[in-house]
$ cat data.txt   # compact mmCIF, C-alpha atoms
# COMPACT_ATOMS: atom_id res chain seq x y z
CA MET Z 1 0.00 0.00 0.00
CA ALA Z 2 2.99 2.30 -0.39
CA SER Z 3 2.44 5.46 -2.42
CA PRO Z 4 5.04 6.55 -5.01
CA SER Z 5 6.54 9.00 -2.49
CA GLY Z 6 7.45 6.12 -0.17
CA GLY Z 7 4.93 6.87 2.58
CA ILE Z 8 1.67 5.08 3.34
CA ASP Z 9 -1.25 5.88 1.09
CA PRO Z 10 -4.40 6.04 3.27
CA ILE Z 11 -6.72 6.47 0.25
CA HIS Z 12 -5.74 3.21 -1.46
CA GLN Z 13 -8.30 1.17 0.54
CA PHE Z 14 -11.20 3.01 -1.15
CA GLU Z 15 -10.18 2.07 -4.68
CA ILE Z 16 -12.82 0.23 -6.66
CA SER Z 17 -11.43 -2.65 -8.70
CA LYS Z 18 -13.03 -5.16 -11.02
CA ILE Z 19 -13.32 -8.79 -9.97
CA GLY Z 20 -13.44 -11.39 -12.69
CA PRO Z 21 -14.23 -10.73 -16.36
CA SER Z 22 -15.50 -7.35 -17.54
CA ILE Z 23 -19.08 -7.51 -18.76
CA ASN Z 24 -20.57 -4.95 -21.12
CA LEU Z 25 -24.32 -4.66 -21.31
CA PHE Z 26 -25.70 -2.25 -23.93
CA GLY Z 27 -22.55 -0.15 -23.69
CA VAL Z 28 -22.67 0.04 -19.87
CA ASP Z 29 -19.89 -1.54 -17.84
CA VAL Z 30 -21.66 -3.87 -15.38
CA SER Z 31 -18.73 -6.06 -14.33
CA LEU Z 32 -18.57 -7.22 -10.72
CA THR Z 33 -16.51 -4.85 -8.56
CA ASN Z 34 -15.30 -5.24 -4.99
CA SER Z 35 -17.96 -2.70 -3.96
CA ALA Z 36 -20.73 -4.80 -5.52
CA LEU Z 37 -19.25 -7.97 -3.99
CA PHE Z 38 -19.42 -6.51 -0.48
CA MET Z 39 -22.96 -5.24 -1.07
CA ILE Z 40 -23.96 -8.80 -2.01
CA LEU Z 41 -22.13 -10.06 1.07
CA ALA Z 42 -23.97 -7.58 3.28
CA VAL Z 43 -27.34 -8.64 1.85
CA ALA Z 44 -26.39 -12.29 2.40
CA ILE Z 45 -25.52 -11.58 6.05
CA ILE Z 46 -28.81 -9.71 6.57
CA TYR Z 47 -30.76 -12.60 5.05
CA ALA Z 48 -28.85 -15.06 7.22
CA ILE Z 49 -29.63 -13.13 10.42
CA MET Z 50 -33.26 -12.49 9.53
CA ILE Z 51 -34.34 -15.76 7.90
CA TYR Z 52 -32.12 -18.24 9.73
CA GLY Z 53 -32.67 -16.38 13.01
CA THR Z 54 -36.45 -16.45 12.82
CA ARG Z 55 -36.84 -19.93 11.27
CA LEU Z 56 -38.08 -21.57 14.50
CA LYS Z 57 -40.45 -18.74 15.53
CA ALA Z 58 -39.92 -19.88 19.13
CA ILE Z 59 -41.98 -18.29 21.91
CA VAL Z 60 -38.81 -18.15 24.00
CA PRO Z 61 -36.33 -16.86 21.42
CA GLY Z 62 -32.77 -18.08 21.08
CA ARG Z 63 -29.80 -15.75 20.77
CA LEU Z 64 -29.99 -15.10 17.03
CA GLN Z 65 -33.77 -14.79 17.09
CA SER Z 66 -33.52 -12.26 19.96
CA ALA Z 67 -30.99 -10.25 17.96
CA ALA Z 68 -33.23 -10.21 14.88
CA GLU Z 69 -36.34 -9.32 16.90
CA MET Z 70 -34.56 -6.62 18.90
CA LEU Z 71 -33.26 -4.97 15.73
CA TYR Z 72 -36.74 -4.99 14.24
CA GLU Z 73 -38.50 -3.73 17.36
CA PHE Z 74 -35.86 -1.06 17.92
CA MET Z 75 -36.52 0.34 14.43
CA ALA Z 76 -40.29 0.00 14.84
CA ASP Z 77 -40.08 2.00 18.09
CA THR Z 78 -37.98 4.68 16.42
CA VAL Z 79 -40.41 5.02 13.51
CA ARG Z 80 -43.44 5.06 15.84
CA SER Z 81 -41.99 7.70 18.16
CA THR Z 82 -40.88 10.07 15.38
CA THR Z 83 -43.67 9.74 12.81
CA GLY Z 84 -46.59 8.35 14.77
CA LYS Z 85 -48.66 5.26 14.00
CA GLU Z 86 -49.37 6.15 10.36
CA GLY Z 87 -45.62 6.24 9.69
CA LEU Z 88 -45.38 2.49 10.27
CA LYS Z 89 -46.13 1.86 6.58
CA PHE Z 90 -42.63 3.21 5.91
CA LEU Z 91 -41.05 0.80 8.38
CA PRO Z 92 -39.90 -1.65 5.64
CA LEU Z 93 -38.04 1.18 3.86
CA VAL Z 94 -36.48 2.60 7.03
CA PHE Z 95 -35.58 -0.82 8.39
CA SER Z 96 -33.97 -1.93 5.11
CA LEU Z 97 -31.90 1.26 4.94
CA PHE Z 98 -30.90 0.96 8.61
CA ILE Z 99 -29.82 -2.66 8.51
CA PHE Z 100 -28.06 -2.38 5.14
CA VAL Z 101 -26.06 0.66 6.28
CA LEU Z 102 -25.34 -0.99 9.65
CA ILE Z 103 -24.09 -4.26 8.16
CA CYS Z 104 -22.06 -2.46 5.47
CA ASN Z 105 -20.41 -0.28 8.14
CA LEU Z 106 -19.65 -3.25 10.39
CA VAL Z 107 -18.34 -5.46 7.56
CA GLY Z 108 -16.12 -2.58 6.46
CA LEU Z 109 -14.47 -2.53 9.89
CA ILE Z 110 -12.99 -6.00 9.36
CA PRO Z 111 -9.39 -5.42 8.20
CA GLY Z 112 -8.87 -6.04 4.49
CA THR Z 113 -12.50 -5.60 3.53
CA PHE Z 114 -14.11 -2.84 1.51
CA THR Z 115 -16.48 -0.27 3.04
CA VAL Z 116 -19.41 0.22 0.69
CA THR Z 117 -20.72 3.27 2.58
CA SER Z 118 -17.40 5.12 2.23
CA HIS Z 119 -18.40 6.10 -1.31
CA ILE Z 120 -20.53 9.19 -1.82
CA VAL Z 121 -22.24 7.60 -4.84
CA VAL Z 122 -23.74 4.88 -2.65
CA THR Z 123 -24.82 7.12 0.23
CA PHE Z 124 -26.13 9.81 -2.12
CA MET Z 125 -28.34 7.22 -3.83
CA PHE Z 126 -29.74 6.23 -0.41
CA ALA Z 127 -30.41 9.88 0.41
CA MET Z 128 -32.06 10.52 -2.98
CA LEU Z 129 -34.23 7.44 -2.45
CA VAL Z 130 -35.40 8.89 0.87
CA ILE Z 131 -35.99 12.41 -0.46
CA SER Z 132 -37.82 11.21 -3.58
CA THR Z 133 -40.03 9.04 -1.38
CA VAL Z 134 -40.79 12.13 0.73
CA ILE Z 135 -41.60 14.29 -2.31
CA ILE Z 136 -43.65 11.66 -4.18
CA TYR Z 137 -45.58 10.52 -1.11
CA GLY Z 138 -46.08 14.13 0.04
CA PHE Z 139 -47.67 15.18 -3.24
CA MET Z 140 -49.67 11.95 -3.54
CA ALA Z 141 -51.13 12.16 -0.05
CA HIS Z 142 -51.58 15.92 0.35
CA GLY Z 143 -51.44 17.39 -3.17
CA THR Z 144 -50.44 21.04 -3.21
CA ARG Z 145 -50.91 21.24 0.57
CA PHE Z 146 -47.51 19.55 0.75
CA LEU Z 147 -45.99 22.89 -0.31
CA GLY Z 148 -47.19 24.27 3.05
CA LEU Z 149 -44.01 22.61 4.32
CA PHE Z 150 -42.12 25.67 3.08
CA VAL Z 151 -44.51 28.21 4.65
CA PRO Z 152 -44.32 28.14 8.44
CA SER Z 153 -47.40 29.49 10.20
CA GLY Z 154 -47.25 32.59 12.41
CA VAL Z 155 -44.46 34.35 10.52
CA PRO Z 156 -44.89 38.14 9.97
CA ALA Z 157 -45.68 38.94 6.31
CA PRO Z 158 -42.54 41.04 5.58
CA LEU Z 159 -40.32 38.17 6.74
CA LEU Z 160 -42.21 35.46 4.86
CA PRO Z 161 -40.29 35.54 1.52
CA PHE Z 162 -36.97 35.13 3.31
CA ILE Z 163 -38.26 32.36 5.56
CA VAL Z 164 -39.68 30.49 2.55
CA LEU Z 165 -36.36 30.87 0.74
CA ILE Z 166 -34.47 29.54 3.76
CA GLU Z 167 -36.89 26.61 4.10
CA ILE Z 168 -36.45 25.70 0.42
CA ILE Z 169 -32.65 25.87 0.69
CA SER Z 170 -32.72 23.73 3.82
CA PHE Z 171 -34.94 21.18 2.04
CA ILE Z 172 -32.59 21.01 -0.96
CA SER Z 173 -29.52 20.62 1.25
CA ARG Z 174 -31.08 17.66 3.09
CA PRO Z 175 -30.00 14.88 0.68
CA ILE Z 176 -26.53 16.42 0.49
CA SER Z 177 -26.04 16.60 4.26
CA LEU Z 178 -27.67 13.19 4.83
CA SER Z 179 -25.35 11.44 2.38
CA MET Z 180 -22.29 13.51 3.23
CA ARG Z 181 -22.57 12.70 6.95
CA LEU Z 182 -22.49 8.94 6.50
CA PHE Z 183 -19.87 9.02 3.73
CA ALA Z 184 -17.49 11.40 5.50
CA ASN Z 185 -17.76 9.64 8.87
CA MET Z 186 -16.83 6.31 7.30
CA LEU Z 187 -14.08 7.86 5.16
CA ALA Z 188 -12.54 9.83 8.04
CA GLY Z 189 -12.58 6.86 10.40
CA HIS Z 190 -10.89 4.52 7.96
CA ILE Z 191 -8.30 7.14 6.96
CA ALA Z 192 -7.48 7.77 10.65
CA LEU Z 193 -7.02 4.02 11.24
CA LYS Z 194 -4.75 3.71 8.21
CA VAL Z 195 -2.70 6.78 9.19
CA PHE Z 196 -2.02 5.36 12.65
CA ALA Z 197 -1.19 1.98 11.12
CA GLY Z 198 1.26 3.83 8.88
CA PHE Z 199 2.93 5.37 11.94
CA ILE Z 200 3.77 1.89 13.23
CA VAL Z 201 5.48 0.97 9.95
CA LEU Z 202 7.38 4.24 9.81
CA MET Z 203 8.49 4.01 13.46
CA THR Z 204 9.69 0.41 13.28
CA THR Z 205 11.67 1.07 10.09
CA ALA Z 206 13.16 4.27 11.54
CA GLY Z 207 15.01 2.26 14.20
CA GLY Z 208 16.48 3.42 17.52
CA ALA Z 209 14.21 4.93 20.16
CA ALA Z 210 11.28 5.03 17.68
CA ILE Z 211 10.95 1.21 17.88
CA ALA Z 212 10.44 1.38 21.63
CA LEU Z 213 7.66 3.94 21.14
CA SER Z 214 5.92 2.06 18.30
CA PRO Z 215 3.39 0.25 20.59
CA LEU Z 216 1.82 3.69 21.26
CA PRO Z 217 0.14 4.02 17.83
CA LEU Z 218 -0.91 0.38 18.15
CA ALA Z 219 -2.73 1.18 21.39
CA MET Z 220 -4.25 4.18 19.63
CA ILE Z 221 -5.57 1.90 16.86
CA VAL Z 222 -7.27 -0.32 19.44
CA ALA Z 223 -8.95 2.73 20.99
CA LEU Z 224 -9.90 4.08 17.54
CA TYR Z 225 -11.41 0.73 16.62
CA ALA Z 226 -13.70 0.89 19.63
CA LEU Z 227 -14.71 4.41 18.60
CA GLU Z 228 -15.26 3.30 14.99
CA LEU Z 229 -17.48 0.46 16.17
CA LEU Z 230 -19.60 3.05 17.99
CA VAL Z 231 -19.59 5.39 14.98
CA ALA Z 232 -20.60 2.57 12.61
CA CYS Z 233 -23.71 1.77 14.70
CA LEU Z 234 -24.44 5.43 15.50
CA GLN Z 235 -24.31 6.61 11.89
CA ALA Z 236 -26.68 3.84 10.80
CA PHE Z 237 -29.04 4.95 13.58
CA VAL Z 238 -28.66 8.66 12.73
CA PHE Z 239 -29.29 7.93 9.04
CA SER Z 240 -32.50 6.08 9.81
CA ILE Z 241 -33.80 8.56 12.41
CA LEU Z 242 -33.23 11.46 10.01
CA THR Z 243 -35.06 9.43 7.36
CA CYS Z 244 -37.96 9.14 9.81
CA ILE Z 245 -37.95 12.91 10.43
CA TYR Z 246 -37.98 13.69 6.71
CA LEU Z 247 -40.79 11.16 6.18
CA ASN Z 248 -42.66 12.86 9.02
CA ASP Z 249 -42.70 16.03 6.88
CA ALA Z 250 -44.41 14.09 4.10
CA LEU Z 251 -46.93 12.55 6.52
CA HIS Z 252 -47.74 15.75 8.42
CA PRO Z 253 -46.87 18.81 6.29
CA GLY Z 254 -47.28 22.29 7.77
CA HIS Z 255 -45.61 23.35 10.97
CA MET B 1 3.66 30.99 -2.84
CA GLU B 2 3.52 27.61 -4.52
CA ALA B 3 0.06 26.31 -5.36
CA ASP B 4 0.68 23.06 -3.44
CA ALA B 5 1.68 24.94 -0.30
CA ALA B 6 -1.43 27.10 -0.56
CA LYS B 7 -3.59 23.97 -0.85
CA LEU B 8 -2.08 22.46 2.28
CA ILE B 9 -2.55 25.70 4.23
CA GLY B 10 -6.14 25.87 3.03
CA ALA B 11 -6.79 22.28 4.12
CA GLY B 12 -5.35 23.09 7.53
CA LEU B 13 -7.57 26.16 7.83
CA ALA B 14 -10.63 24.09 6.82
CA ALA B 15 -9.86 21.71 9.67
CA ILE B 16 -10.59 24.56 12.13
CA GLY B 17 -14.25 24.14 11.19
CA MET B 18 -14.19 20.64 12.64
CA GLY B 19 -13.10 22.08 15.98
CA ALA B 20 -16.07 24.43 15.89
CA ALA B 21 -18.37 21.46 15.24
CA ALA B 22 -16.76 19.72 18.22
CA ILE B 23 -17.84 22.67 20.41
CA GLY B 24 -21.39 22.30 19.09
CA VAL B 25 -21.56 18.55 19.72
CA GLY B 26 -20.02 18.99 23.17
CA THR B 27 -22.60 21.66 24.06
CA ILE B 28 -25.46 19.40 22.99
CA PHE B 29 -24.33 16.35 24.94
CA GLY B 30 -23.23 18.42 27.93
CA ASN B 31 -26.63 20.05 28.16
CA PHE B 32 -28.36 16.74 27.57
CA LEU B 33 -26.39 15.15 30.39
CA SER B 34 -27.02 18.00 32.84
CA GLY B 35 -30.73 17.87 31.98
CA ALA B 36 -30.77 14.08 32.26
CA LEU B 37 -29.16 14.19 35.71
CA ARG B 38 -31.79 16.66 36.93
CA ASN B 39 -34.66 14.58 35.61
CA PRO B 40 -33.48 11.02 34.84
CA SER B 41 -37.02 9.76 34.19
CA ALA B 42 -37.38 12.05 31.15
CA ALA B 43 -33.92 11.28 29.78
CA ASP B 44 -34.79 8.17 27.77
CA SER B 45 -37.51 9.87 25.76
CA GLN B 46 -35.17 12.70 24.74
CA PHE B 47 -32.24 10.45 23.82
CA GLY B 48 -33.16 10.38 20.13
CA ARG B 49 -33.47 14.18 20.00
CA ALA B 50 -30.02 14.61 21.52
CA PHE B 51 -28.61 12.46 18.73
CA ILE B 52 -30.53 14.35 16.04
CA GLY B 53 -29.06 17.61 17.32
CA ALA B 54 -25.60 16.11 17.50
CA ALA B 55 -25.95 14.71 13.97
CA LEU B 56 -27.00 18.08 12.58
CA ALA B 57 -24.15 19.90 14.37
CA GLU B 58 -21.68 17.24 13.28
CA GLY B 59 -22.85 17.52 9.67
CA LEU B 60 -21.46 21.04 9.44
CA GLY B 61 -18.10 19.87 10.75
CA ILE B 62 -18.21 17.12 8.14
CA PHE B 63 -18.59 19.77 5.43
CA ALA B 64 -15.36 21.38 6.70
CA PHE B 65 -13.69 17.95 6.53
CA VAL B 66 -14.91 17.44 2.96
CA VAL B 67 -13.56 20.87 1.97
CA ALA B 68 -10.18 19.84 3.39
CA LEU B 69 -10.30 16.54 1.49
CA ILE B 70 -11.23 18.28 -1.77
CA LEU B 71 -8.32 20.68 -1.33
CA LEU B 72 -5.91 17.83 -0.62
CA PHE B 73 -6.94 15.26 -3.21
CA VAL B 74 -9.23 16.79 -5.85
CA ALA B 75 -8.43 20.46 -6.46
$ encode --input "data.txt" --output "structure tokens"
Amino acid sequence: MASPSGGIDPIHQFEISKIGPSINLFGVDVSLTNSALFMILAVAIIYAIMIYGTRLKAIVPGRLQSAAEMLYEFMADTVRSTTGKEGLKFLPLVFSLFIFVLICNLVGLIPGTFTVTSHIVVTFMFAMLVISTVIIYGFMAHGTRFLGLFVPSGVPAPLLPFIVLIEIISFISRPISLSMRLFANMLAGHIALKVFAGFIVLMTTAGGAAIALSPLPLAMIVALYALELLVACLQAFVFSILTCIYLNDALHPGH
Amino acid sequence: MEADAAKLIGAGLAAIGMGAAAIGVGTIFGNFLSGALRNPSAADSQFGRAFIGAALAEGLGIFAFVVALILLFVA
């Protein structure tokens, strides 16, 4: 993983490479990449937890069944508390997003794997899926009343144009901030891990007193890994709770 | 000044924004904790809101981080 300048290249781990033969379909390159491979892996893990875990449907659940049920009930509680009972029809969407992001983040933490969510293309597609659901459902359910989202009640008339402008800008920036948050958190965490790993290599090759100090970055990596584990779960949760809040706008427009 | 040096200085300046976001996140969790210690029974119901606030404050710091990354690797 050495860069041409001789140091450690922390960006190398995010490179997308093709696996196997390149396939061209109607002029579009659809060959299997490492990103796609880890997405398939994540889906396989989710299916394993959900289907294998709940196969017995025991009254007293086993460990895997408890894990599957707790994940589901945790998300159902989140959706219910942020959007109310009528928001539960969006639970499949929110739950799928949550568990896919969670498993992708956690799989990416295993050394040598690829983090799917560290690419803005992937997270931006998730965010656009959420925002288009909000817009389409909002107009379907409320028609033009959905536009009341941009007009808060109780604002003095002279201020209203500015407030509406600010509301529109904040609505447009939602998919950007939603995708950027997940992407940048994953990217920053993995770069920090790789930079500290690079310190160990540099210190042990430097020789002398640096070798004696080289366990320090190693201890730092262990601490960072614990933090990254927290961030991986937290960002999946934040992504899904913000999805719920945006869906709440579509369910109950008007402030 | 060389263009590369200017880029590196700019990336360093952009990193200040992350410190400002750290103040914001710290304020949110500090206030949440002081409120939760006064009224522990209400803490659980406000846990999600604390994280929403932290996520929104953190998002702005993330923008600063992205600016630094763009300066270092893209621009």
$ atom_distance --input "data.txt" --atom1 "CA of Ser240 in chain Z" --atom2 "CA of Ile59 in chain Z"
28.8 Å
$ interface_residues --input "data.txt" --of "chain B" --to "chain Z" --cutoff "8 Å" --atoms "all atoms listed in the file" --output "PyMOL selection string"
chain B and resi 48+51-52+55+58-59+62-63+65-66
$ residues_around --input "data.txt" --residues "Pro253 in chain Z" --least-positions-apart "2" --cutoff "9 Å" --atoms "all atoms listed in the file" --output "PDB file with C-alpha atoms, keeping the file's coordinate frame"
ATOM      1  CA  GLY Z 138     -46.080  14.130   0.040  1.00  0.00           C
ATOM      2  CA  HIS Z 142     -51.580  15.920   0.350  1.00  0.00           C
ATOM      3  CA  ARG Z 145     -50.910  21.240   0.570  1.00  0.00           C
ATOM      4  CA  PHE Z 146     -47.510  19.550   0.750  1.00  0.00           C
ATOM      5  CA  LEU Z 147     -45.990  22.890  -0.310  1.00  0.00           C
ATOM      6  CA  GLY Z 148     -47.190  24.270   3.050  1.00  0.00           C
ATOM      7  CA  LEU Z 149     -44.010  22.610   4.320  1.00  0.00           C
ATOM      8  CA  PHE Z 150     -42.120  25.670   3.080  1.00  0.00           C
ATOM      9  CA  ASN Z 248     -42.660  12.860   9.020  1.00  0.00           C
ATOM     10  CA  ASP Z 249     -42.700  16.030   6.880  1.00  0.00           C
ATOM     11  CA  ALA Z 250     -44.410  14.090   4.100  1.00  0.00           C
ATOM     12  CA  LEU Z 251     -46.930  12.550   6.520  1.00  0.00           C
ATOM     13  CA  HIS Z 255     -45.610  23.350  10.970  1.00  0.00           C
TER      14      HIS Z 255
END
$ residues_near_point --input "data.txt" --point "(-42.1, 3.2, 12.1)" --cutoff "12 Å" --atoms "all atoms listed in the file" --output "PyMOL selection string"
chain Z and resi 72-96+98+240-241+243-245+247-248+251
$ atom_distance --input "data.txt" --atom1 "CA of Met39 in chain Z" --atom2 "CA of Val116 in chain Z"
6.7 Å
$ residues_around --input "data.txt" --residues "Ala20 in chain B" --least-positions-apart "2" --cutoff "12 Å" --atoms "only C-alpha atoms" --output "number ranges by chain"
B: 13-18, 22-27, 57-65
$ residues_around --input "data.txt" --residues "Gly108 in chain Z" --least-positions-apart "3" --cutoff "9 Å" --atoms "all atoms listed in the file" --output "list of chain:residue names"
Z:Phe38, Z:Ile103, Z:Cys104, Z:Asn105, Z:Pro111, Z:Gly112, Z:Thr113, Z:Phe114, Z:Thr115, Z:Val116, Z:Thr117, Z:Ser118, Z:Met186, Z:His190
$ atom_distance --input "data.txt" --atom1 "CA of Ser45 in chain B" --atom2 "CA of Ala236 in chain Z"
19.4 Å
$ residues_near_point --input "data.txt" --point "(2.1, 6.6, 14.0)" --cutoff "12 Å" --atoms "all atoms listed in the file" --output "list of chain:residue names"
Z:Gly7, Z:Ile8, Z:Ala192, Z:Leu193, Z:Lys194, Z:Val195, Z:Phe196, Z:Ala197, Z:Gly198, Z:Phe199, Z:Ile200, Z:Val201, Z:Leu202, Z:Met203, Z:Thr204, Z:Thr205, Z:Ala206, Z:Ala210, Z:Ile211, Z:Leu213, Z:Ser214, Z:Pro215, Z:Leu216, Z:Pro217, Z:Leu218, Z:Ala219, Z:Met220, Z:Ile221
$ closest_residue --input "data.txt" --among "Z:Leu102, Z:Leu229, Z:Ala48, Z:Val151" --to "Glu167 in chain Z" --atoms "only C-alpha atoms"
Z:Val151
$ decode --input "data.txt" --residues "range 74-87 of chain Z" --atoms "N, CA and C atoms" --output "CSV table (one decimal), in the first residue's frame"
chain,number,residue,atom,x,y,z
Z,74,PHE,N,-36.5,-2.3,17.7
Z,74,PHE,CA,-35.9,-1.1,17.9
Z,74,PHE,C,-36.2,-0.1,16.8
Z,75,MET,N,-36.2,-0.5,15.6
Z,75,MET,CA,-36.5,0.3,14.4
Z,75,MET,C,-38.0,0.7,14.4
Z,76,ALA,N,-38.9,-0.3,14.8
Z,76,ALA,CA,-40.3,0.0,14.8
Z,76,ALA,C,-40.6,1.1,15.9
Z,77,ASP,N,-39.9,1.0,17.0
Z,77,ASP,CA,-40.1,2.0,18.1
Z,77,ASP,C,-39.6,3.4,17.6
Z,78,THR,N,-38.5,3.4,16.9
Z,78,THR,CA,-38.0,4.7,16.4
Z,78,THR,C,-39.0,5.3,15.4
Z,79,VAL,N,-39.5,4.5,14.5
Z,79,VAL,CA,-40.4,5.0,13.5
Z,79,VAL,C,-41.7,5.5,14.2
Z,80,ARG,N,-42.2,4.7,15.2
Z,80,ARG,CA,-43.4,5.1,15.8
Z,80,ARG,C,-43.3,6.4,16.6
Z,81,SER,N,-42.1,6.5,17.3
Z,81,SER,CA,-42.0,7.7,18.2
Z,81,SER,C,-41.7,9.0,17.3
Z,82,THR,N,-41.2,8.8,16.1
Z,82,THR,CA,-40.9,10.1,15.4
Z,82,THR,C,-42.0,10.4,14.4
Z,83,THR,N,-42.7,9.4,13.8
Z,83,THR,CA,-43.7,9.7,12.8
Z,83,THR,C,-45.1,9.4,13.2
Z,84,GLY,N,-45.2,8.8,14.4
Z,84,GLY,CA,-46.6,8.4,14.8
Z,84,GLY,C,-47.0,7.0,14.1
Z,85,LYS,N,-48.2,6.6,14.4
Z,85,LYS,CA,-48.7,5.3,14.0
Z,85,LYS,C,-48.7,5.1,12.5
Z,86,GLU,N,-49.2,6.3,11.8
Z,86,GLU,CA,-49.4,6.1,10.4
Z,86,GLU,C,-48.0,6.1,9.6
Z,87,GLY,N,-46.9,6.3,10.3
Z,87,GLY,CA,-45.6,6.2,9.7
Z,87,GLY,C,-45.1,4.8,9.6
